[in-house]
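Visitor: Here you go, model_9.csv (CSV, C-alpha atoms and all ligand atoms):
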chain,number,residue,atom,x,y,z
O,1,MET,CA,2.6,174.5,-40.0
O,2,GLY,CA,3.2,172.3,-42.9
O,3,GLY,CA,3.2,168.6,-43.0
O,4,GLY,CA,2.8,168.6,-46.7
O,5,TYR,CA,-0.9,168.7,-46.8
O,6,LEU,CA,-3.1,171.6,-47.7
O,7,GLU,CA,-5.0,172.7,-44.7
O,8,PRO,CA,-8.0,175.0,-45.3
O,9,ASN,CA,-8.1,178.2,-43.3
O,10,THR,CA,-4.4,178.3,-42.6
O,11,ASN,CA,-2.3,181.1,-43.9
O,12,PHE,CA,-3.9,181.5,-47.3
O,13,PRO,CA,-4.7,185.0,-48.5
O,14,LYS,CA,-8.3,186.0,-48.8
O,15,CYS,CA,-9.7,186.3,-52.2
O,16,GLN,CA,-9.8,190.0,-53.0
O,17,LYS,CA,-12.7,189.6,-55.3
O,18,CYS,CA,-15.4,187.9,-53.3
O,19,LYS,CA,-13.7,188.4,-49.9
O,20,SER,CA,-15.1,185.1,-48.7
O,21,GLY,CA,-13.1,182.5,-50.4
O,22,ASP,CA,-9.4,181.8,-49.8
O,23,LEU,CA,-6.8,181.8,-52.5
O,24,VAL,CA,-5.1,178.4,-52.6
O,25,PRO,CA,-2.0,177.6,-54.5
O,26,LEU,CA,-2.1,174.9,-57.1
O,27,SER,CA,0.9,172.7,-57.8
O,28,ASP,CA,0.8,171.3,-61.2
O,29,PHE,CA,3.1,168.8,-62.8
O,30,GLY,CA,3.8,167.8,-66.3
O,31,SER,CA,3.4,164.3,-67.7
O,32,GLN,CA,7.0,163.5,-66.8
O,33,GLY,CA,6.7,164.7,-63.2
O,34,ALA,CA,8.5,168.0,-63.9
O,35,ALA,CA,7.0,171.0,-62.1
O,36,ILE,CA,5.2,173.4,-64.4
O,37,GLN,CA,6.8,176.8,-64.5
O,38,TYR,CA,3.9,178.8,-63.2
O,39,LYS,CA,2.2,179.2,-60.0
O,40,ALA,CA,-1.5,179.3,-60.0
O,41,TRP,CA,-3.8,180.5,-57.3
O,42,VAL,CA,-7.5,179.8,-57.3
O,43,CYS,CA,-10.4,181.0,-55.1
O,44,THR,CA,-12.1,178.3,-53.1
O,45,ASN,CA,-15.5,179.9,-53.5
O,46,PRO,CA,-17.0,178.1,-56.5
O,47,GLU,CA,-19.4,181.1,-57.2
O,48,CYS,CA,-16.4,183.4,-57.5
O,49,GLY,CA,-14.1,181.4,-59.7
O,50,PHE,CA,-11.3,183.8,-59.5
O,51,ASN,CA,-7.9,182.5,-60.6
O,52,LEU,CA,-4.5,183.9,-61.1
O,53,LYS,CA,-1.4,182.5,-62.6
O,54,ILE,CA,2.1,183.8,-62.4
O,55,ARG,CA,4.2,182.7,-65.3
O,56,ASN,CA,7.6,184.0,-66.4
O,57,GLY,CA,7.0,187.1,-64.3
O,58,ASP,CA,3.7,188.0,-65.8
O,59,VAL,CA,0.4,187.7,-64.1
O,60,TYR,CA,-2.6,186.1,-65.8
O,61,ILE,CA,-6.0,186.5,-64.3
O,62,TYR,CA,-9.0,184.4,-65.2
O,63,GLU,CA,-7.1,182.1,-67.5
O,64,PRO,CA,-8.7,178.7,-67.9
O,65,ILE,CA,-7.0,176.2,-65.7
O,66,ASN,CA,-5.8,173.1,-67.4
O,67,ASP,CA,-7.2,169.7,-66.8
O,68,GLY,CA,-5.8,168.1,-63.7
O,69,ALA,CA,-5.5,171.3,-61.8
O,70,HIS,CA,-9.1,172.0,-61.7
O,71,SER,CA,-10.3,170.2,-58.6
O,72,VAL,CA,-11.9,173.2,-56.8
O,73,ARG,CA,-15.3,172.9,-58.5
O,74,ASN,CA,-17.1,169.7,-57.9
O,75,HIS,CA,-20.0,169.3,-60.4
G,1,ZN,ZN,-13.2,184.7,-54.7
As structure tokens, how would this structure be written, given the file I've shared?
Ligand SMILES: [Zn+2]

Guide:
Amino acid sequence: MGGGYLEPNTNFPKCQKCKSGDLVPLSDFGSQGAAIQYKAWVCTNPECGFNLKIRNGDVYIYEPINDGAHSVRNH
């Protein structure tokens, strides 16, 4: 249980698209340290690339993720 770090394989929902990756939440912050008003989830499977954002009560799927929140894929 949480110590503030993201721990793989703990309590994250499975990706419903590829069924092998986990969906992990991204916390993103603006340039002034304010939390950005959406919650984004991305699949940890780089071959899947599924991502989902919840913003203002709407769900956005497969939106490009902004710079700085895009650390899942390592090229
Ligand atoms: Zn996936």

Visitor: Between O:Ala34, O:Ser27, O:Asn11, O:Tyr62, which is the closest to ligand ZN 1 (chain G) once you count only C-alpha atoms and all ligand atoms?

Guide: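 Smallest distance to ligand ZN 1 (chain G) is found for O:Tyr62.
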
Visitor: Using only C-alpha atoms and all ligand atoms, which protein or nucleic acid residues are at most 7 Å from ligand ZN 1 (chain G), as a list in words?

Guide: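 Residues satisfying the distance criterion: Cys15, Gln16, Lys17, Cys18, Lys19, Ser20, Gly21, Asp22, Cys43, Thr44, Asn45, Cys48, Gly49 and Phe50 of chain O.
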
Visitor: Go ahead and save the residues from that selection, with C-alpha atoms, as a short mmCIF file (atom, residue, chain, number, x, y, z; two decimals), in the frame of the given file.

Guide:
data_model
loop_
_atom_site.label_atom_id
_atom_site.label_comp_id
_atom_site.auth_asym_id
_atom_site.auth_seq_id
_atom_site.Cartn_x
_atom_site.Cartn_y
_atom_site.Cartn_z
CA CYS O 15 -9.70 186.30 -52.20
CA GLN O 16 -9.80 190.00 -53.00
CA LYS O 17 -12.70 189.60 -55.30
CA CYS O 18 -15.40 187.90 -53.30
CA LYS O 19 -13.70 188.40 -49.90
CA SER O 20 -15.10 185.10 -48.70
CA GLY O 21 -13.10 182.50 -50.40
CA ASP O 22 -9.40 181.80 -49.80
CA CYS O 43 -10.40 181.00 -55.10
CA THR O 44 -12.10 178.30 -53.10
CA ASN O 45 -15.50 179.90 -53.50
CA CYS O 48 -16.40 183.40 -57.50
CA GLY O 49 -14.10 181.40 -59.70
CA PHE O 50 -11.30 183.80 -59.50
#

Visitor: Enter the distance from CA of Gln32 in chain O to CA of Val59 in chain O, in Å, rounded to one decimal.

Guide: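 We find that CA of Gln32 in chain O and CA of Val59 in chain O lie 25.2 Å from each other.
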
Visitor: Just save range 41-54 of chain O with all heavy atoms, as a PDB file, in the first residue's frame.

Guide:
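Contents of selection.pdb, freshly written:
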ATOM      1  N   TRP O  41      -4.890   7.805 -18.055  1.00  0.00           N
ATOM      2  CA  TRP O  41      -4.442   6.441 -17.805  1.00  0.00           C
ATOM      3  C   TRP O  41      -3.814   5.927 -19.083  1.00  0.00           C
ATOM      4  O   TRP O  41      -4.338   6.140 -20.168  1.00  0.00           O
ATOM      5  CB  TRP O  41      -5.621   5.539 -17.437  1.00  0.00           C
ATOM      6  CG  TRP O  41      -6.248   5.892 -16.141  1.00  0.00           C
ATOM      7  CD1 TRP O  41      -7.069   6.951 -15.904  1.00  0.00           C
ATOM      8  CD2 TRP O  41      -6.124   5.193 -14.897  1.00  0.00           C
ATOM      9  NE1 TRP O  41      -7.447   6.946 -14.578  1.00  0.00           N
ATOM     10  CE2 TRP O  41      -6.889   5.877 -13.945  1.00  0.00           C
ATOM     11  CE3 TRP O  41      -5.424   4.040 -14.514  1.00  0.00           C
ATOM     12  CZ2 TRP O  41      -6.974   5.448 -12.623  1.00  0.00           C
ATOM     13  CZ3 TRP O  41      -5.519   3.622 -13.196  1.00  0.00           C
ATOM     14  CH2 TRP O  41      -6.288   4.322 -12.260  1.00  0.00           C
ATOM     15  N   VAL O  42      -2.699   5.269 -18.953  1.00  0.00           N
ATOM     16  CA  VAL O  42      -2.053   4.709 -20.128  1.00  0.00           C
ATOM     17  C   VAL O  42      -1.726   3.237 -19.889  1.00  0.00           C
ATOM     18  O   VAL O  42      -1.479   2.811 -18.766  1.00  0.00           O
ATOM     19  CB  VAL O  42      -0.754   5.456 -20.504  1.00  0.00           C
ATOM     20  CG1 VAL O  42      -1.051   6.899 -20.850  1.00  0.00           C
ATOM     21  CG2 VAL O  42       0.272   5.357 -19.401  1.00  0.00           C
ATOM     22  N   CYS O  43      -1.712   2.490 -20.980  1.00  0.00           N
ATOM     23  CA  CYS O  43      -1.336   1.089 -20.915  1.00  0.00           C
ATOM     24  C   CYS O  43       0.180   0.976 -20.869  1.00  0.00           C
ATOM     25  O   CYS O  43       0.887   1.686 -21.577  1.00  0.00           O
ATOM     26  CB  CYS O  43      -1.896   0.375 -22.144  1.00  0.00           C
ATOM     27  SG  CYS O  43      -1.455  -1.370 -22.195  1.00  0.00           S
ATOM     28  N   THR O  44       0.667   0.073 -20.041  1.00  0.00           N
ATOM     29  CA  THR O  44       2.116  -0.107 -19.923  1.00  0.00           C
ATOM     30  C   THR O  44       2.695  -0.939 -21.052  1.00  0.00           C
ATOM     31  O   THR O  44       3.909  -1.058 -21.163  1.00  0.00           O
ATOM     32  CB  THR O  44       2.471  -0.790 -18.588  1.00  0.00           C
ATOM     33  OG1 THR O  44       1.775  -2.027 -18.507  1.00  0.00           O
ATOM     34  CG2 THR O  44       2.101   0.094 -17.421  1.00  0.00           C
ATOM     35  N   ASN O  45       1.851  -1.513 -21.873  1.00  0.00           N
ATOM     36  CA  ASN O  45       2.336  -2.298 -23.009  1.00  0.00           C
ATOM     37  C   ASN O  45       2.609  -1.370 -24.180  1.00  0.00           C
ATOM     38  O   ASN O  45       1.674  -0.810 -24.759  1.00  0.00           O
ATOM     39  CB  ASN O  45       1.275  -3.339 -23.375  1.00  0.00           C
ATOM     40  CG  ASN O  45       1.699  -4.190 -24.561  1.00  0.00           C
ATOM     41  OD1 ASN O  45       2.790  -4.017 -25.106  1.00  0.00           O
ATOM     42  ND2 ASN O  45       0.847  -5.095 -24.960  1.00  0.00           N
ATOM     43  N   PRO O  46       3.882  -1.181 -24.555  1.00  0.00           N
ATOM     44  CA  PRO O  46       4.188  -0.218 -25.615  1.00  0.00           C
ATOM     45  C   PRO O  46       3.626  -0.621 -26.964  1.00  0.00           C
ATOM     46  O   PRO O  46       3.450   0.228 -27.838  1.00  0.00           O
ATOM     47  CB  PRO O  46       5.721  -0.170 -25.623  1.00  0.00           C
ATOM     48  CG  PRO O  46       6.175  -1.412 -24.951  1.00  0.00           C
ATOM     49  CD  PRO O  46       5.087  -1.805 -23.988  1.00  0.00           C
ATOM     50  N   GLU O  47       3.339  -1.879 -27.157  1.00  0.00           N
ATOM     51  CA  GLU O  47       2.752  -2.300 -28.422  1.00  0.00           C
ATOM     52  C   GLU O  47       1.268  -2.008 -28.484  1.00  0.00           C
ATOM     53  O   GLU O  47       0.650  -2.081 -29.536  1.00  0.00           O
ATOM     54  CB  GLU O  47       2.992  -3.794 -28.632  1.00  0.00           C
ATOM     55  CG  GLU O  47       4.464  -4.118 -28.796  1.00  0.00           C
ATOM     56  CD  GLU O  47       4.683  -5.603 -29.043  1.00  0.00           C
ATOM     57  OE1 GLU O  47       3.690  -6.344 -29.114  1.00  0.00           O
ATOM     58  OE2 GLU O  47       5.842  -6.003 -29.163  1.00  0.00           O
ATOM     59  N   CYS O  48       0.704  -1.720 -27.366  1.00  0.00           N
ATOM     60  CA  CYS O  48      -0.725  -1.435 -27.304  1.00  0.00           C
ATOM     61  C   CYS O  48      -0.959   0.067 -27.432  1.00  0.00           C
ATOM     62  O   CYS O  48      -1.608   0.534 -28.343  1.00  0.00           O
ATOM     63  CB  CYS O  48      -1.290  -1.970 -25.993  1.00  0.00           C
ATOM     64  SG  CYS O  48      -2.996  -1.496 -25.692  1.00  0.00           S
ATOM     65  N   GLY O  49      -0.397   0.804 -26.528  1.00  0.00           N
ATOM     66  CA  GLY O  49      -0.478   2.250 -26.620  1.00  0.00           C
ATOM     67  C   GLY O  49      -1.824   2.843 -26.242  1.00  0.00           C
ATOM     68  O   GLY O  49      -2.072   4.020 -26.457  1.00  0.00           O
ATOM     69  N   PHE O  50      -2.672   2.028 -25.666  1.00  0.00           N
ATOM     70  CA  PHE O  50      -3.974   2.538 -25.261  1.00  0.00           C
ATOM     71  C   PHE O  50      -3.818   3.638 -24.224  1.00  0.00           C
ATOM     72  O   PHE O  50      -3.019   3.533 -23.298  1.00  0.00           O
ATOM     73  CB  PHE O  50      -4.800   1.391 -24.679  1.00  0.00           C
ATOM     74  CG  PHE O  50      -6.167   1.798 -24.228  1.00  0.00           C
ATOM     75  CD1 PHE O  50      -7.196   1.897 -25.133  1.00  0.00           C
ATOM     76  CD2 PHE O  50      -6.412   2.083 -22.893  1.00  0.00           C
ATOM     77  CE1 PHE O  50      -8.467   2.274 -24.718  1.00  0.00           C
ATOM     78  CE2 PHE O  50      -7.678   2.464 -22.467  1.00  0.00           C
ATOM     79  CZ  PHE O  50      -8.708   2.553 -23.384  1.00  0.00           C
ATOM     80  N   ASN O  51      -4.549   4.699 -24.408  1.00  0.00           N
ATOM     81  CA  ASN O  51      -4.581   5.710 -23.362  1.00  0.00           C
ATOM     82  C   ASN O  51      -5.954   6.323 -23.258  1.00  0.00           C
ATOM     83  O   ASN O  51      -6.743   6.301 -24.199  1.00  0.00           O
ATOM     84  CB  ASN O  51      -3.507   6.781 -23.576  1.00  0.00           C
ATOM     85  CG  ASN O  51      -3.797   7.660 -24.767  1.00  0.00           C
ATOM     86  OD1 ASN O  51      -4.646   8.543 -24.714  1.00  0.00           O
ATOM     87  ND2 ASN O  51      -3.100   7.417 -25.866  1.00  0.00           N
ATOM     88  N   LEU O  52      -6.235   6.827 -22.113  1.00  0.00           N
ATOM     89  CA  LEU O  52      -7.573   7.313 -21.812  1.00  0.00           C
ATOM     90  C   LEU O  52      -7.446   8.505 -20.877  1.00  0.00           C
ATOM     91  O   LEU O  52      -6.657   8.478 -19.943  1.00  0.00           O
ATOM     92  CB  LEU O  52      -8.347   6.166 -21.144  1.00  0.00           C
ATOM     93  CG  LEU O  52      -9.781   6.384 -20.720  1.00  0.00           C
ATOM     94  CD1 LEU O  52     -10.512   5.046 -20.754  1.00  0.00           C
ATOM     95  CD2 LEU O  52      -9.839   6.911 -19.301  1.00  0.00           C
ATOM     96  N   LYS O  53      -8.204   9.534 -21.184  1.00  0.00           N
ATOM     97  CA  LYS O  53      -8.211  10.695 -20.302  1.00  0.00           C
ATOM     98  C   LYS O  53      -9.628  10.969 -19.850  1.00  0.00           C
ATOM     99  O   LYS O  53     -10.570  10.830 -20.628  1.00  0.00           O
ATOM    100  CB  LYS O  53      -7.725  11.948 -21.030  1.00  0.00           C
ATOM    101  CG  LYS O  53      -6.265  11.996 -21.318  1.00  0.00           C
ATOM    102  CD  LYS O  53      -5.972  13.331 -21.977  1.00  0.00           C
ATOM    103  CE  LYS O  53      -4.628  13.337 -22.647  1.00  0.00           C
ATOM    104  NZ  LYS O  53      -4.459  14.556 -23.455  1.00  0.00           N
ATOM    105  N   ILE O  54      -9.742  11.396 -18.636  1.00  0.00           N
ATOM    106  CA  ILE O  54     -11.024  11.841 -18.120  1.00  0.00           C
ATOM    107  C   ILE O  54     -10.879  13.319 -17.811  1.00  0.00           C
ATOM    108  O   ILE O  54     -10.021  13.714 -17.014  1.00  0.00           O
ATOM    109  CB  ILE O  54     -11.405  11.062 -16.849  1.00  0.00           C
ATOM    110  CG1 ILE O  54     -11.457   9.566 -17.168  1.00  0.00           C
ATOM    111  CG2 ILE O  54     -12.747  11.554 -16.321  1.00  0.00           C
ATOM    112  CD1 ILE O  54     -11.494   8.694 -15.934  1.00  0.00           C
TER     113      ILE O  54
END
